[in-house]
Amino acid sequence: MADPKAVYLTTPIYYVNDAPHIGHAYTTVAGDVLTRWHRQRQEPVRFLTGTDEHGQKVLRSAEANGVAPQQWCDDLVAREWKPVLETIDAANDDFIRTTEPRHTERVQAFLQGLYDTGEIYEGSYTGPYCVSCEEFKLPGDLDEVGSCKVHGRPVDQISETNYFFRLSTYADRILAHYEEHPEAVQPASARNEVLSFVRGGLQDLSISRSSFDWGIKVPWDESQVVYVWFDALLNYWTALEGDPEHVWPADVHLVGKDILRFHAVIWPAMLMAADLELPRTVFAHGWLLVGGEKMSKTKLTGIHPSQIVDHFGSDAFRYYFLREIAFGHDGSFSWESMAARYTSELANDFGNLASRVAAMVGKYFGGVLPQAGPAGEAEQALAALLATTVTDADARMRALDFQGGLDAIFAFVKAVNGYLTEQEPWKVAKDPDAVVRLSTILVTAAESLRALAVLLHPVMPKSTQALWSSLGAEAVLGPLSAQDVADAGTWGQLPAGVTVTKGAVLFPRLEEPVEALGA
């Protein structure tokens with residue numbers, strides 16, 4: 001029997017014209033949480049990210065810093081782009097660079113194949129080009145003074161003899177595909193934008209540049225380099241060299257909405273031309289705003305992820321952005337709102353719950369989980385709520401409704417806190433005849449934490465691993481990563497007799513006010 005197809009998810013590959021900011025990390029965290037969720041479902045996963053290292057924008061950054069473009073890319077990837085994955089605790093399976101031979105060679109082969117079948121022809125291009133977007137612009141893409149609407153910067157007027165891809169011939173096929181597969185572009189607002197754009201007619205696409213030489217050489221004409229987007233989009237395929245049959249097509253391409261057209265118009269046409277399967281979903285998330293403006297290196301509004309992680313920790317970073325912002329919509333970051341969520345939801349609701357349950361098991365039962373007595377109405381209600389929570393959270397997380405999934409999980413956190421408040425185990429402990437009832441209460445709370453460790457592990461891997469260890473679950477249930485989401489709602493898995501320890505506080509109180517961090 002053939003191995004099952006891996007769930008294949010990609011982030012965009014990021015330009016290395018500068019260091020990463022939290023907008024890049026936001027996309028990567030979303031991809032990481034989704035792939036970790038599938039891993040928690042015990043499904044095979046392939047998670048790809050990487051860097052886009054060709055094009056005029058990268059060349060200009062290198063020249064401005066007085067170094068060769070390859071050296072610029074090598075230094076920045078080693079110093080910034082790979083380390084940031086550790087900063088945000090991303091568990092990617094692969095990291096592709098567009099300057100690697102495994103990529104450049106396959107791009108040339110792909111391009112040669114399209115040229116040989118007549119999909120590419122020689123022509124000339126005259127018109128506006130935005131270097132920041134690395135995009136040939138249409139009149140509607142410019143503002144009233146002729147600047148790029150995305151970056152607010154003047155565009156270059158270029159005139160070159162290039163090679164063109166017959167994009168215009170694929171409009172009908174693209175429309176037919178999206179009508180048959182409405183899930184292929186999400187959310188609905190993104191799909192509507194793409195359909196409107198394609199219905200307006202497509203122009204053939206210039207897929208080479210001749211005015212500079214930093215890029216992959218066109219194989220039949222080395223005076224030209226491959227247009228950076230035609231090069232970059234292929235990374236999703238070139239990274240699979242040697243094992244595409246167990247991975248392709250991509251299940252989800254995560255993209256920012258400003259690069260939606262490349263992924264939902266140009267990319268499917270390229271794949272159609274090469275007779276390859278199309279990705280199952282292109283999901284365009286919204287912009288991350290700071291002070292009402294899109295996060296941007298160009299506008300110097302970027303915040304490095306380490307500025308936040310160093311203060312709040314990587315788990316809180318990951319949790320905040322997916323809980324605060326409805327994925328697919330624009331959302332705002334502020335230091336104040338992050339500090340508020342950290343204190344209220346992570347430190348008080350979740351972290352404090354873990355701490356006081358461990359403390360009470362330690363105080364009343366010497367750190368050994370007792371045998372529970374008969375479940376009463378309150379315990380049965382909590383067990384039923386957990387089963388519903390698991391089903392709801394699983395559906396929402398797999399649909400990229402991270403906010404909805406976390407809302408469901410944290411509603412259960414509040415329910416467990418409410419259960420303890422109502423049952424008052426600290427008062428029950430004063431009655432020597434109520435040991436069985438006290439045992440039932442604390443076992444119910446510990447069992448709830450067992451399930452929460454599983455459900456929150458894809459989002460907050462470090463704190464949930466600490467919680468798993470605190471509950472003594474590793475010795476009796478195995479590694480946290482081996483717990484299937486589908487079984488998380490099955491009540492009664494944590495057996496009597498396990499040692500429960502009160503470890504370090506999961507989310508320590510913040511000592512430094514956010515004002516000191518630039519709020």
# chains A, B, ... in the order shown; residues from 1 in each chain; ligands from 1
$ residues_around --residues "Val255 of chain A" --least-positions-apart "6" --cutoff "10 Å" --atoms "only C-alpha atoms" --output "list of chain:residue names"
A:Thr10, A:Thr11, A:Pro12, A:Ile13, A:Thr27, A:Thr28, A:Phe262, A:His263, A:Val282, A:Phe283, A:Ala284, A:His285, A:Gly286, A:Gly328
$ select_by_dssp --residues "segment 274-344 of chain A" --states "strand (DSSP E)" --output "ChimeraX atom specification"
/A:282-285,288-290,293-294,331-333
$ residues_around --residues "Ala411 of chain A" --least-positions-apart "3" --cutoff "12 Å" --atoms "only C-alpha atoms" --output "ChimeraX atom specification"
/A:345,349-350,382,385-386,388-390,392-393,403-408,414-418,452
$ closest_residue --among "A:Ser210, A:Ala372, A:Phe312, A:Ser448" --to "Glu222 of chain A" --atoms "only C-alpha atoms"
A:Ser210
$ atom_distance --atom1 "atom CA of Arg106 of chain A" --atom2 "atom CA of His177 of chain A"
26.1 Å
$ atom_distance --atom1 "atom CA of Leu278 of chain A" --atom2 "atom CA of Gln42 of chain A"
25.2 Å
$ atom_distance --atom1 "atom CA of Ser159 of chain A" --atom2 "atom CA of Glu144 of chain A"
22.0 Å
$ decode --residues "segment 7-27 of chain A" --atoms "N, CA and C atoms" --output "mmCIF file, in the first residue's frame"
data_model
loop_
_atom_site.group_PDB
_atom_site.id
_atom_site.type_symbol
_atom_site.label_atom_id
_atom_site.label_comp_id
_atom_site.auth_asym_id
_atom_site.auth_seq_id
_atom_site.Cartn_x
_atom_site.Cartn_y
_atom_site.Cartn_z
ATOM 1 N N VAL A 7 0.075 16.141 4.082
ATOM 2 C CA VAL A 7 -0.562 17.450 4.041
ATOM 3 C C VAL A 7 0.547 18.463 3.734
ATOM 4 N N TYR A 8 0.446 19.114 2.595
ATOM 5 C CA TYR A 8 1.520 19.992 2.124
ATOM 6 C C TYR A 8 1.068 21.440 2.231
ATOM 7 N N LEU A 9 1.778 22.181 3.073
ATOM 8 C CA LEU A 9 1.448 23.586 3.302
ATOM 9 C C LEU A 9 2.685 24.435 3.102
ATOM 10 N N THR A 10 2.499 25.594 2.468
ATOM 11 C CA THR A 10 3.614 26.499 2.209
ATOM 12 C C THR A 10 3.297 27.908 2.697
ATOM 13 N N THR A 11 4.331 28.599 3.084
ATOM 14 C CA THR A 11 4.249 30.053 3.243
ATOM 15 C C THR A 11 4.774 30.670 1.947
ATOM 16 N N PRO A 12 4.588 31.966 1.750
ATOM 17 C CA PRO A 12 5.336 32.605 0.660
ATOM 18 C C PRO A 12 6.827 32.480 0.971
ATOM 19 N N ILE A 13 7.654 32.549 -0.050
ATOM 20 C CA ILE A 13 9.083 32.718 0.242
ATOM 21 C C ILE A 13 9.336 34.219 0.308
ATOM 22 N N TYR A 14 10.110 34.616 1.303
ATOM 23 C CA TYR A 14 10.208 36.029 1.663
ATOM 24 C C TYR A 14 11.428 36.686 1.021
ATOM 25 N N TYR A 15 11.228 37.915 0.541
ATOM 26 C CA TYR A 15 12.332 38.675 -0.038
ATOM 27 C C TYR A 15 13.412 38.934 1.010
ATOM 28 N N VAL A 16 14.666 38.811 0.586
ATOM 29 C CA VAL A 16 15.772 39.053 1.518
ATOM 30 C C VAL A 16 16.389 40.427 1.277
ATOM 31 N N ASN A 17 15.525 41.406 0.996
ATOM 32 C CA ASN A 17 16.056 42.760 0.862
ATOM 33 C C ASN A 17 16.284 43.416 2.217
ATOM 34 N N ASP A 18 15.785 42.761 3.294
ATOM 35 C CA ASP A 18 15.967 43.302 4.644
ATOM 36 C C ASP A 18 15.666 42.189 5.643
ATOM 37 N N ALA A 19 15.720 42.542 6.929
ATOM 38 C CA ALA A 19 15.435 41.574 7.990
ATOM 39 C C ALA A 19 13.927 41.326 8.092
ATOM 40 N N PRO A 20 13.510 40.196 8.661
ATOM 41 C CA PRO A 20 12.083 39.909 8.815
ATOM 42 C C PRO A 20 11.430 40.805 9.857
ATOM 43 N N HIS A 21 10.117 41.033 9.678
ATOM 44 C CA HIS A 21 9.329 41.724 10.693
ATOM 45 C C HIS A 21 8.157 40.828 11.096
ATOM 46 N N ILE A 22 7.324 41.293 11.994
ATOM 47 C CA ILE A 22 6.278 40.421 12.536
ATOM 48 C C ILE A 22 5.198 40.087 11.512
ATOM 49 N N GLY A 23 5.125 40.856 10.413
ATOM 50 C CA GLY A 23 4.205 40.481 9.349
ATOM 51 C C GLY A 23 4.605 39.156 8.719
ATOM 52 N N HIS A 24 5.911 38.972 8.496
ATOM 53 C CA HIS A 24 6.396 37.693 7.976
ATOM 54 C C HIS A 24 6.154 36.590 9.002
ATOM 55 N N ALA A 25 6.453 36.880 10.255
ATOM 56 C CA ALA A 25 6.299 35.872 11.309
ATOM 57 C C ALA A 25 4.841 35.462 11.485
ATOM 58 N N TYR A 26 3.930 36.390 11.277
ATOM 59 C CA TYR A 26 2.501 36.105 11.389
ATOM 60 C C TYR A 26 2.090 35.014 10.402
ATOM 61 N N THR A 27 2.521 35.148 9.151
ATOM 62 C CA THR A 27 2.206 34.136 8.146
ATOM 63 C C THR A 27 2.832 32.802 8.511
#
